[in-house]
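Participant: Below is one structure. I have some questions about it.
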Amino acid sequence: MIDNQNQLLIQRREKAQSLADDGVKLFSNDFKHPQHIADILPQAEVLEPETHAPEGVSCRIAGRVMVLRKFGKAAFFQLQDETSRIQIYARLDVLGEEQFGHFKKWDAGDIVGVEGRPFKTKTGEPSIEATRLHMICKSLRPLPEKFHGLTDVETRYRQRYVDLIVNPEVRSTFRKRMEIIRLIRAFLSQRGFLEVETPMLHPIPGGAAAKPFITHHNALDMELYLRIAPELYLKRLLVGGFERVFEINRNFRNEGLSTRHNPEFTMLEFYQAYATYEDMMDCTEEMISSICQQVNGSMQITYQGTPINLAPPWRRLSMTEALSEVAGLDAAVVGDDAAVMELAKRYKVDLQPDSGPSKARTGLFELLVEEKLINPTFITSYPAEISPLARRNEADPSITDRFELFITGREIANSFSELNDPIDQRERFVKQIEERGNDEEIHPEMDEDFVRALEYGMPSAAGEGIGIDRLVMLLTDSPSIRDVILFPHLKAEVK
RNA sequence: GGGGCGUUAACUCAGUCGGUAGAGUAUCUGCCUUUUAAGCAGAGAGUCGCGCGUUCGAGUCGCGCACGCCCCA
């Protein structure tokens, strides 16, 4: 189907047809197991200009034709594979009339195989002089312009395959993303964490406060929810006796899109029995800083022009300390329930009629502190009322043993010592459901099975969630979450 | 949900006061066996996002819609 019939597409089809008429296979599969360009490039690099590799030295590579400069009886083109690029020199007198004739109908974008001998041009460019050319896949659409490339962001996201072909820095970002995830797995595995898989389809959406996607199971005739968090299942595994578990997988939240939100996003959650949130802070510092060192070669990076230092130790502040030290509020006011309520009203913090001083502090924190936390900072002492799954602090039961990690003003991680008292847990669920009961989109429901699991006994433990997309944004200096998700969500394309 | 900006050839972009739609790259033809944003000569290529309106006349002005980006909630 030609969906956008224009001259260029017609010309490419005609060229392809004429090659086919000559007996050339346009979509062959017999050029197998080529070498990688990065591996053979040194053979050409070591040569002196205008010399060839010794007789008998040859190589066999495959990739996409990127830039094609044709002369009458010779041509140069760039061949790009996953590892690198190299210049190919094709000559009529080497290839013969038939092969060279076919080659004349090649285009930028074609996927081809090349056999040839390494050499270096007089200008010193490492090259391969082709002795045999092989069509692997004829491309029927022109590539974007060679100089400016593809910059239209909508096309880049909708046709990521084109973006990946022509923008090497995009390939490098995604390679880095996969490397970061690999290093996280290695880091946790080395420390005895077991990677597990828990359900993506939940009968009760739990573990976070977010609007879920709803789906329907036909055979069971029941509503199911795409998970908003894996937390309650991972804790069931602690009950079951696994002491260190982690999961890296997608969560789904039926909410707005922005530079920091995609409806499906990747979350790391890990849980460690017989540990506290303080152990998690140590672990997080070590994990993120060491991964940054491995991926970027340094713990000092810049994010969108702002220098960030990820070298441990990282600053640790309670929420009230942050309000006075970072936001510059009077510590006496922050510490006084009535005064802090008054202050929150002055700053127009959105408070419900029944909101208490801890909601006021949280509101002021979000308004005045978060965006100022540029270098990594752990914020601790979150109020119990906004932390329904966290263990209460022993000295002050109104707060929890919890932290959030902020870098570049953004929440990167959330962690706490886990609440394992089933009676307290049930009460907090009830309270949470009372609060959210009027919000039909959130579908609050008591997870009786989770409470039952806690009643069997869950060891003391700490757990943490890290937003992988945001971490990758930080470590790859990407301004938008869409730059670190291969196929970000967009509205349907208009025909 | 609100505001701002954008949408013109395959790609990157111009388009003045409302008066025949432009450039570079890419493509095609010819010449060209060391180019590398190859070169020279010539040619073709457009639903100006979509719709309605104003006007003798709309890429340009107005309204609405779609999609995208940014900011705010």
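Letters A, B, ... go to the chains of the structure tokens in the order shown; residues in each chain start at 1; ligands are counted from 1 in the same order.
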Give the strand (DSSP E) residues of segment 203-396 of chain A, as DSSP finds them on the backbone, and put them as a PyMOL selection string.
Facilitator: chain A and resi 214-217+222-226+244-252+264-273+300-303+306-309+315-318+377-380
Participant: Excluding Val245 of chain A and residues on its chain fewer than 4 positions from it, collect all residues at most 12 Å away from it, counting only C-alpha atoms (C1' of nucleotides), and give them as a compact mmCIF listing (two decimals) with C-alpha atoms, in the first residue's frame.
Facilitator:
# COMPACT_ATOMS: atom_id res chain seq x y z
CA ARG A 185 20.42 -5.94 38.28
CA LEU A 188 21.29 -6.06 43.57
CA SER A 189 22.10 -9.61 42.53
CA ARG A 191 24.01 -8.32 47.29
CA GLY A 192 21.83 -11.39 47.36
CA PHE A 193 18.61 -9.90 46.01
CA LEU A 194 16.44 -12.25 44.01
CA GLU A 195 14.76 -10.88 40.90
CA VAL A 196 11.09 -11.83 40.87
CA GLU A 197 8.03 -11.31 38.74
CA THR A 198 4.72 -10.40 40.31
CA PRO A 230 4.08 -4.07 42.81
CA GLU A 231 4.62 -3.31 46.50
CA TYR A 233 3.01 -8.54 46.18
CA LEU A 234 6.69 -8.09 46.93
CA LYS A 235 5.89 -7.86 50.64
CA ARG A 236 3.89 -11.08 50.39
CA LEU A 237 7.16 -12.64 49.25
CA LEU A 238 8.87 -11.39 52.44
CA VAL A 239 6.09 -13.15 54.34
CA GLY A 240 6.82 -16.24 52.30
CA GLY A 241 10.45 -16.25 53.38
CA LEU A 268 12.53 -0.71 40.45
CA GLU A 269 11.24 -1.92 43.79
CA PHE A 270 13.44 -3.82 46.20
CA TYR A 271 12.84 -5.15 49.70
CA GLN A 272 15.29 -6.29 52.32
CA ALA A 273 14.31 -8.18 55.47
CA ALA A 461 12.11 -4.97 56.53
CA ALA A 462 12.75 -1.92 54.44
CA GLY A 463 11.74 -1.35 50.86
CA GLU A 464 12.30 1.19 48.16
Participant: Return the neighbours of chain A among the residues of chain B, cut-off 9 Å, counting only C-alpha atoms (C1' of nucleotides), as number ranges by chain.
Facilitator: B: 10-12, 25-28, 31-38, 44-45, 66-69
Participant: Store the residues of this selection in a file with N, CA and C atoms (P, O5', C5', C4', C3', O3' and C1' of nucleotides), as a short mmCIF file (atom, residue, chain, number, x, y, z; two decimals), in the first residue's frame.
Facilitator:
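Printed below is result-v6.cif as written:
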data_model
loop_
_atom_site.label_atom_id
_atom_site.label_comp_id
_atom_site.auth_asym_id
_atom_site.auth_seq_id
_atom_site.Cartn_x
_atom_site.Cartn_y
_atom_site.Cartn_z
P A B 10 6.40 15.63 0.63
"O5'" A B 10 7.44 14.90 1.60
"C5'" A B 10 7.19 13.57 2.05
"C4'" A B 10 8.50 12.98 2.53
"C3'" A B 10 9.31 13.89 3.45
"O3'" A B 10 8.98 13.67 4.79
"C1'" A B 10 10.66 13.17 1.63
P C B 11 8.93 14.92 5.85
"O5'" C B 11 10.48 15.23 6.06
"C5'" C B 11 11.30 14.34 6.81
"C4'" C B 11 12.71 14.87 6.87
"C3'" C B 11 12.83 16.28 7.43
"O3'" C B 11 12.90 16.26 8.85
"C1'" C B 11 14.04 16.15 5.41
P U B 12 12.38 17.54 9.69
"O5'" U B 12 13.44 18.66 9.28
"C5'" U B 12 14.77 18.60 9.79
"C4'" U B 12 15.54 19.82 9.35
"C3'" U B 12 14.83 21.15 9.62
"O3'" U B 12 14.97 21.55 10.97
"C1'" U B 12 15.72 21.15 7.43
P U B 25 22.17 21.66 -2.27
"O5'" U B 25 21.69 20.48 -1.31
"C5'" U B 25 22.49 20.08 -0.20
"C4'" U B 25 21.72 19.11 0.67
"C3'" U B 25 21.28 17.82 -0.01
"O3'" U B 25 22.31 16.86 -0.10
"C1'" U B 25 19.49 18.72 1.24
P A B 26 22.39 15.91 -1.35
"O5'" A B 26 21.01 15.11 -1.29
"C5'" A B 26 20.79 14.11 -0.32
"C4'" A B 26 19.38 13.57 -0.43
"C3'" A B 26 18.99 13.03 -1.80
"O3'" A B 26 19.44 11.70 -1.99
"C1'" A B 26 17.31 14.47 -1.03
P U B 27 19.89 11.24 -3.41
"O5'" U B 27 18.55 11.34 -4.26
"C5'" U B 27 17.47 10.47 -3.98
"C4'" U B 27 16.33 10.75 -4.92
"C3'" U B 27 16.69 10.71 -6.40
"O3'" U B 27 16.72 9.38 -6.88
"C1'" U B 27 15.41 12.64 -5.96
P C B 28 17.82 8.98 -7.94
"O5'" C B 28 17.24 9.61 -9.28
"C5'" C B 28 15.99 9.19 -9.79
"C4'" C B 28 15.62 10.03 -10.98
"C3'" C B 28 16.72 10.20 -12.02
"O3'" C B 28 16.80 9.08 -12.88
"C1'" C B 28 15.77 12.30 -11.54
P C B 31 26.68 10.54 -19.44
"O5'" C B 31 27.78 11.59 -18.94
"C5'" C B 31 28.42 12.44 -19.87
"C4'" C B 31 29.35 13.38 -19.16
"C3'" C B 31 30.34 12.73 -18.19
"O3'" C B 31 31.43 12.13 -18.87
"C1'" C B 31 29.42 14.67 -17.20
P C B 32 31.90 10.68 -18.36
"O5'" C B 32 32.62 11.00 -16.98
"C5'" C B 32 33.77 11.83 -16.94
"C4'" C B 32 34.05 12.26 -15.53
"C3'" C B 32 34.22 11.12 -14.52
"O3'" C B 32 35.53 10.57 -14.56
"C1'" C B 32 32.77 12.75 -13.63
P U B 33 35.64 8.97 -14.43
"O5'" U B 33 36.35 8.83 -13.03
"C5'" U B 33 35.62 9.05 -11.82
"C4'" U B 33 36.34 8.38 -10.69
"C3'" U B 33 37.83 8.72 -10.62
"O3'" U B 33 38.21 8.77 -9.25
"C1'" U B 33 37.56 6.39 -10.82
P U B 34 39.21 9.87 -8.74
"O5'" U B 34 39.15 9.67 -7.17
"C5'" U B 34 37.98 10.01 -6.45
"C4'" U B 34 38.36 10.34 -5.03
"C3'" U B 34 39.51 11.34 -4.92
"O3'" U B 34 39.29 12.12 -3.75
"C1'" U B 34 40.10 9.32 -3.85
P U B 35 39.33 13.72 -3.79
"O5'" U B 35 37.88 14.13 -3.27
"C5'" U B 35 36.80 14.21 -4.18
"C4'" U B 35 35.57 13.58 -3.56
"C3'" U B 35 35.27 14.05 -2.14
"O3'" U B 35 34.60 15.29 -2.14
"C1'" U B 35 35.04 11.70 -2.28
P U B 36 34.83 16.33 -0.93
"O5'" U B 36 34.25 15.59 0.35
"C5'" U B 36 32.84 15.40 0.47
"C4'" U B 36 32.58 14.50 1.65
"C3'" U B 36 33.07 15.03 2.98
"O3'" U B 36 32.05 15.84 3.51
"C1'" U B 36 33.69 12.76 2.74
P A B 37 32.28 16.93 4.60
"O5'" A B 37 30.77 17.22 5.01
"C5'" A B 37 29.86 16.15 5.20
"C4'" A B 37 28.61 16.34 4.36
"C3'" A B 37 28.87 16.59 2.88
"O3'" A B 37 27.81 16.02 2.12
"C1'" A B 37 27.65 18.37 3.78
P A B 38 28.13 14.88 1.10
"O5'" A B 38 29.15 15.70 0.17
"C5'" A B 38 29.15 15.58 -1.21
"C4'" A B 38 30.39 16.27 -1.71
"C3'" A B 38 30.16 17.26 -2.84
"O3'" A B 38 29.74 18.53 -2.37
"C1'" A B 38 31.92 15.81 -3.40
P G B 44 10.80 21.49 -14.60
"O5'" G B 44 10.23 20.28 -13.75
"C5'" G B 44 9.58 19.19 -14.39
"C4'" G B 44 9.51 18.02 -13.45
"C3'" G B 44 8.72 18.25 -12.16
"O3'" G B 44 7.33 18.08 -12.35
"C1'" G B 44 10.78 17.26 -11.64
P A B 45 6.31 18.94 -11.47
"O5'" A B 45 6.64 18.45 -9.99
"C5'" A B 45 6.20 17.16 -9.57
"C4'" A B 45 6.75 16.84 -8.21
"C3'" A B 45 6.20 17.70 -7.06
"O3'" A B 45 4.97 17.16 -6.59
"C1'" A B 45 8.55 17.54 -6.90
P A B 66 -10.03 19.11 19.40
"O5'" A B 66 -9.04 18.46 18.34
"C5'" A B 66 -9.43 17.32 17.60
"C4'" A B 66 -8.34 16.96 16.62
"C3'" A B 66 -6.97 16.76 17.22
"O3'" A B 66 -6.83 15.48 17.79
"C1'" A B 66 -6.79 18.10 15.29
P C B 67 -6.04 15.30 19.18
"O5'" C B 67 -4.53 15.39 18.69
"C5'" C B 67 -4.02 14.43 17.78
"C4'" C B 67 -2.72 14.91 17.20
"C3'" C B 67 -1.67 15.37 18.20
"O3'" C B 67 -1.01 14.29 18.83
"C1'" C B 67 -1.79 16.94 16.45
P G B 68 -0.46 14.48 20.34
"O5'" G B 68 0.79 15.42 20.12
"C5'" G B 68 1.90 14.96 19.38
"C4'" G B 68 2.87 16.07 19.15
"C3'" G B 68 3.40 16.75 20.39
"O3'" G B 68 4.41 15.98 21.02
"C1'" G B 68 2.86 18.38 18.78
P C B 69 4.63 16.10 22.62
"O5'" C B 69 5.40 17.48 22.76
"C5'" C B 69 6.70 17.64 22.22
"C4'" C B 69 7.14 19.08 22.34
"C3'" C B 69 7.03 19.68 23.73
"O3'" C B 69 8.13 19.32 24.55
"C1'" C B 69 6.09 21.18 22.18
#
Participant: Between atom CA of Glu223 of chain A and atom CA of Ser387 of chain A, what distance in Å does the model show, to one decimal?
Facilitator: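 We find that atom CA of Glu223 of chain A and atom CA of Ser387 of chain A lie 27.0 Å from each other.
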Participant: With a distance cut-off of 10 Å and only C-alpha atoms (C1' of nucleotides), select the neighbouring residues of segment 324-330 of chain A, excluding the residue or stretch itself and same-chain residues fewer than 2 positions from it, and output the selection as JSON, numbers by chain.
Facilitator: {"A": [317, 319, 320, 321, 322, 332, 333, 334, 335, 340, 343, 364, 365, 367, 368, 369, 370, 372, 373]}
Participant: From the list A:Ser84, A:Ser381, A:Asn375, A:Thr266, which residue is nearest Gly467 of chain A when using only C-alpha atoms?
Facilitator: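 Answer, going by the shortest atom-to-atom distance: A:Thr266.
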Participant: Do a neighbour search on segment 406-416 of chain A at 9 Å with only C-alpha atoms (C1' of nucleotides), toss out local chain neighbours closer than 3 positions, and write the hits as an MDAnalysis selection string.
Facilitator: chainID A and resid 276:278 280:281 284 303 306 308 369:379 387 389:391 400:403 419 461:468 470:471 474
Participant: Next, dump the selected residues to file, keeping only C-alpha atoms, as a compact mmCIF listing (two decimals), in the first residue's frame.
Facilitator:
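again_30.txt written:
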# COMPACT_ATOMS: atom_id res chain seq x y z
CA THR A 276 15.67 -0.27 57.96
CA TYR A 277 15.19 2.77 55.76
CA GLU A 278 18.62 3.97 56.94
CA MET A 280 18.30 1.81 52.17
CA MET A 281 19.82 5.29 52.15
CA THR A 284 20.82 3.94 47.30
CA TYR A 303 21.93 17.97 34.03
CA THR A 306 23.36 22.39 36.12
CA ILE A 308 25.29 17.68 39.96
CA VAL A 369 11.79 23.00 49.05
CA GLU A 370 11.52 20.32 46.36
CA GLU A 371 12.72 22.37 43.40
CA LYS A 372 15.74 23.57 45.40
CA LEU A 373 17.04 20.06 46.08
CA ILE A 374 19.47 19.96 43.17
CA ASN A 375 22.22 17.75 44.55
CA PRO A 376 21.03 14.42 45.94
CA THR A 377 19.17 14.88 49.21
CA PHE A 378 17.33 12.38 51.35
CA ILE A 379 14.29 13.89 53.02
CA SER A 387 2.51 7.11 54.33
CA LEU A 389 2.40 1.46 54.25
CA ALA A 390 5.33 2.80 56.28
CA ARG A 391 6.41 1.92 59.78
CA THR A 400 7.24 7.37 59.71
CA ASP A 401 10.67 5.87 59.13
CA ARG A 402 10.64 6.97 55.52
CA PHE A 403 12.62 8.99 53.04
CA LEU A 419 4.81 -1.51 58.39
CA ALA A 461 12.11 -4.97 56.53
CA ALA A 462 12.75 -1.92 54.44
CA GLY A 463 11.74 -1.35 50.86
CA GLU A 464 12.30 1.19 48.16
CA GLY A 465 11.01 2.24 44.77
CA ILE A 466 13.16 4.03 42.22
CA GLY A 467 11.71 5.56 39.08
CA ILE A 468 14.01 4.17 36.42
CA ARG A 470 13.75 9.62 35.85
CA LEU A 471 17.04 8.10 36.91
CA LEU A 474 19.37 12.28 35.07
Participant: Which residues are close to G1 of chain B, i.e. within 12 Å by only C-alpha atoms (C1' of nucleotides), leaving aside same-chain residues fewer than 6 positions away? Reply as a list in words.
Facilitator: Gly256 of chain A; C72 and A73 of chain B
Participant: For a test of reading the model, state the distance in Å between atom CA of Glu285 of chain A and atom CA of Ile184 of chain A, rounded to one decimal.
Facilitator: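 Calculated distance between atom CA of Glu285 of chain A and atom CA of Ile184 of chain A is 12.5 Å.
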Participant: To test your reading of the structure, identify every residue in segment 79-283 of chain A that backbone DSSP assigns to helix (DSSP H, G or I), and report it as a VMD selection string.
Facilitator: chain A and resid 92 to 103 153 to 158 160 to 166 168 to 190 231 to 240 277 to 283
Participant: Selected residues, C-alpha atoms, written as a JSON list (two decimals), in the first residue's frame, please.
Facilitator:
[["chain", "number", "residue", "atom", "x", "y", "z"],
["A", 92, "LEU", "CA", 33.67, -0.34, -11.75],
["A", 93, "ASP", "CA", 37.01, -1.97, -12.61],
["A", 94, "VAL", "CA", 37.04, -4.00, -9.37],
["A", 95, "LEU", "CA", 33.38, -4.99, -9.28],
["A", 96, "GLY", "CA", 32.74, -5.54, -12.99],
["A", 97, "GLU", "CA", 29.97, -4.26, -15.24],
["A", 98, "GLU", "CA", 27.13, -6.35, -13.83],
["A", 99, "GLN", "CA", 27.68, -5.72, -10.10],
["A", 100, "PHE", "CA", 28.49, -2.07, -10.65],
["A", 101, "GLY", "CA", 25.38, -1.69, -12.79],
["A", 102, "HIS", "CA", 23.26, -3.03, -9.96],
["A", 103, "PHE", "CA", 25.09, -0.89, -7.46],
["A", 153, "VAL", "CA", 10.06, 15.71, 17.81],
["A", 154, "GLU", "CA", 6.68, 14.35, 16.88],
["A", 155, "THR", "CA", 8.13, 12.34, 14.00],
["A", 156, "ARG", "CA", 11.07, 11.30, 16.19],
["A", 157, "TYR", "CA", 8.70, 9.79, 18.76],
["A", 158, "ARG", "CA", 6.16, 8.36, 16.33],
["A", 160, "ARG", "CA", 11.49, 6.13, 16.54],
["A", 161, "TYR", "CA", 13.04, 3.67, 14.09],
["A", 162, "VAL", "CA", 13.96, 6.59, 11.83],
["A", 163, "ASP", "CA", 15.21, 8.59, 14.81],
["A", 164, "LEU", "CA", 17.44, 5.65, 15.76],
["A", 165, "ILE", "CA", 18.76, 5.27, 12.21],
["A", 166, "VAL", "CA", 19.84, 8.86, 11.78],
["A", 168, "PRO", "CA", 23.49, 8.44, 16.88],
["A", 169, "GLU", "CA", 23.04, 10.26, 20.20],
["A", 170, "VAL", "CA", 19.56, 8.72, 20.49],
["A", 171, "ARG", "CA", 21.03, 5.25, 20.03],
["A", 172, "SER", "CA", 23.59, 6.10, 22.67],
["A", 173, "THR", "CA", 20.94, 7.27, 25.16],
["A", 174, "PHE", "CA", 19.00, 4.03, 24.86],
["A", 175, "ARG", "CA", 22.13, 1.94, 25.02],
["A", 176, "LYS", "CA", 22.92, 3.77, 28.26],
["A", 177, "ARG", "CA", 19.43, 3.12, 29.55],
["A", 178, "MET", "CA", 19.79, -0.61, 29.00],
["A", 179, "GLU", "CA", 23.25, -0.51, 30.59],
["A", 180, "ILE", "CA", 21.90, 1.28, 33.68],
["A", 181, "ILE", "CA", 19.23, -1.38, 34.10],
["A", 182, "ARG", "CA", 21.80, -4.13, 33.62],
["A", 183, "LEU", "CA", 24.02, -2.54, 36.29],
["A", 184, "ILE", "CA", 21.12, -2.24, 38.73],
["A", 185, "ARG", "CA", 20.42, -5.94, 38.28],
["A", 186, "ALA", "CA", 24.08, -6.74, 38.81],
["A", 187, "PHE", "CA", 24.31, -4.50, 41.89],
["A", 188, "LEU", "CA", 21.29, -6.06, 43.57],
["A", 189, "SER", "CA", 22.10, -9.61, 42.53],
["A", 190, "GLN", "CA", 25.59, -9.25, 43.98],
["A", 231, "GLU", "CA", 4.62, -3.31, 46.50],
["A", 232, "LEU", "CA", 1.95, -5.45, 48.11],
["A", 233, "TYR", "CA", 3.01, -8.54, 46.18],
["A", 234, "LEU", "CA", 6.69, -8.09, 46.93],
["A", 235, "LYS", "CA", 5.89, -7.86, 50.64],
["A", 236, "ARG", "CA", 3.89, -11.08, 50.39],
["A", 237, "LEU", "CA", 7.16, -12.64, 49.25],
["A", 238, "LEU", "CA", 8.87, -11.39, 52.44],
["A", 239, "VAL", "CA", 6.09, -13.15, 54.34],
["A", 240, "GLY", "CA", 6.82, -16.24, 52.30],
["A", 277, "TYR", "CA", 15.19, 2.77, 55.76],
["A", 278, "GLU", "CA", 18.62, 3.97, 56.94],
["A", 279, "ASP", "CA", 20.22, 0.92, 55.32],
["A", 280, "MET", "CA", 18.30, 1.81, 52.17],
["A", 281, "MET", "CA", 19.82, 5.29, 52.15],
["A", 282, "ASP", "CA", 23.31, 3.78, 52.25],
["A", 283, "CYS", "CA", 22.39, 1.30, 49.55]]
Participant: Quick one, how far is atom CA of Arg428 of chain A from atom CA of Pro263 of chain A?
Facilitator: 27.3 Å
Participant: Set the distance at 8 Å and use only C-alpha atoms (C1' of nucleotides): which residues neighbour Lys25 of chain A once local chain neighbours fewer than 4 positions away are removed? I'd like the list as a PyMOL selection string.
Facilitator: chain A and resi 19-20+135-136
